[in-house]
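Reading through the structure tokens given below for one structure.
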Amino acid sequence: MINQQLQTRESNPAVCMTTSLDRHVIATAQRGKVATDKTKGQQFAAALKAKYDGTRPLIEDVIFATVELADLQAGKSYLEISHHPNRDSVGVGEASALAEASRNENRKPYYTTKITNKSTQRIRIDRFGTYVQKGHTLVLHSLTGGFLSAQQFQEWYELGASEWLEPGQVVTDPNNHSNLGVYWAYSGTTADGKKFVAGAAWVGKRWWKFW
């Protein structure tokens, strides 16, 4: 068999040339793959380095921010924040679906968020966002990778052209949503310049509370 293969190659040089060319192409492709893998590896290593030593952001426009639970406790003197299931706007079938969603923390049921200015001063919300709890600390965790703006607060809570919440004023977002256990936190400023942050978690309701 080996002699036959050798005879075939000797009688047909094109076979030898093709085999040699194929090996060259394969070797070139392998070198390219190794170079590509090396580049990807370097990029991955750089990303890990950035993650742990903070020399540069992993993704542009992603903001790392934290809030302490103690800060939210202090913020209660400025804002009262509560979340309520939208039970008044659904039928029995829809309520059953919402109940199922509330039992699955990976779902995002819609609910109403109500905010009340408890202070004696006007309050402006400068930014807000969703946070997840890590021990006694809340870590910013939003789909946008950053904060929602003061203008978005005005739009979501139907403040119109006004950027201020008057003392005692109540505003609502009837179409809020998030996973269970996620905190909504609001950073604000009072008319006399005091900064604060207030927030509350969406904890859902048991199924018999939907109607």
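Quick note on naming: the chains in the structure tokens go A, B, ... in the order shown, residues restart at 1 in each chain, and ligands are numbered from 1 in order of appearance.
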Show me, as an mmCIF file with C-alpha atoms, in the first residue's frame, the residues that have an atom within 6 Å of stretch 139-144 of chain A when counting only C-alpha atoms, minus same-chain residues fewer than 2 positions from it.
```
data_model
loop_
_atom_site.group_PDB
_atom_site.id
_atom_site.type_symbol
_atom_site.label_atom_id
_atom_site.label_comp_id
_atom_site.auth_asym_id
_atom_site.auth_seq_id
_atom_site.Cartn_x
_atom_site.Cartn_y
_atom_site.Cartn_z
ATOM 1 C CA ALA A 65 -22.059 53.704 42.644
ATOM 2 C CA THR A 66 -23.165 52.549 46.067
ATOM 3 C CA THR A 130 -32.185 50.710 40.601
ATOM 4 C CA TYR A 131 -29.879 49.040 43.110
ATOM 5 C CA VAL A 132 -29.273 45.506 44.353
ATOM 6 C CA GLY A 146 -25.949 54.484 34.809
#
```
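Checking A:Gln73, A:Asn86, A:Thr189, A:Thr112 one by one against A:Asp173, counting only C-alpha atoms, you find the shortest gap at A:Thr112.
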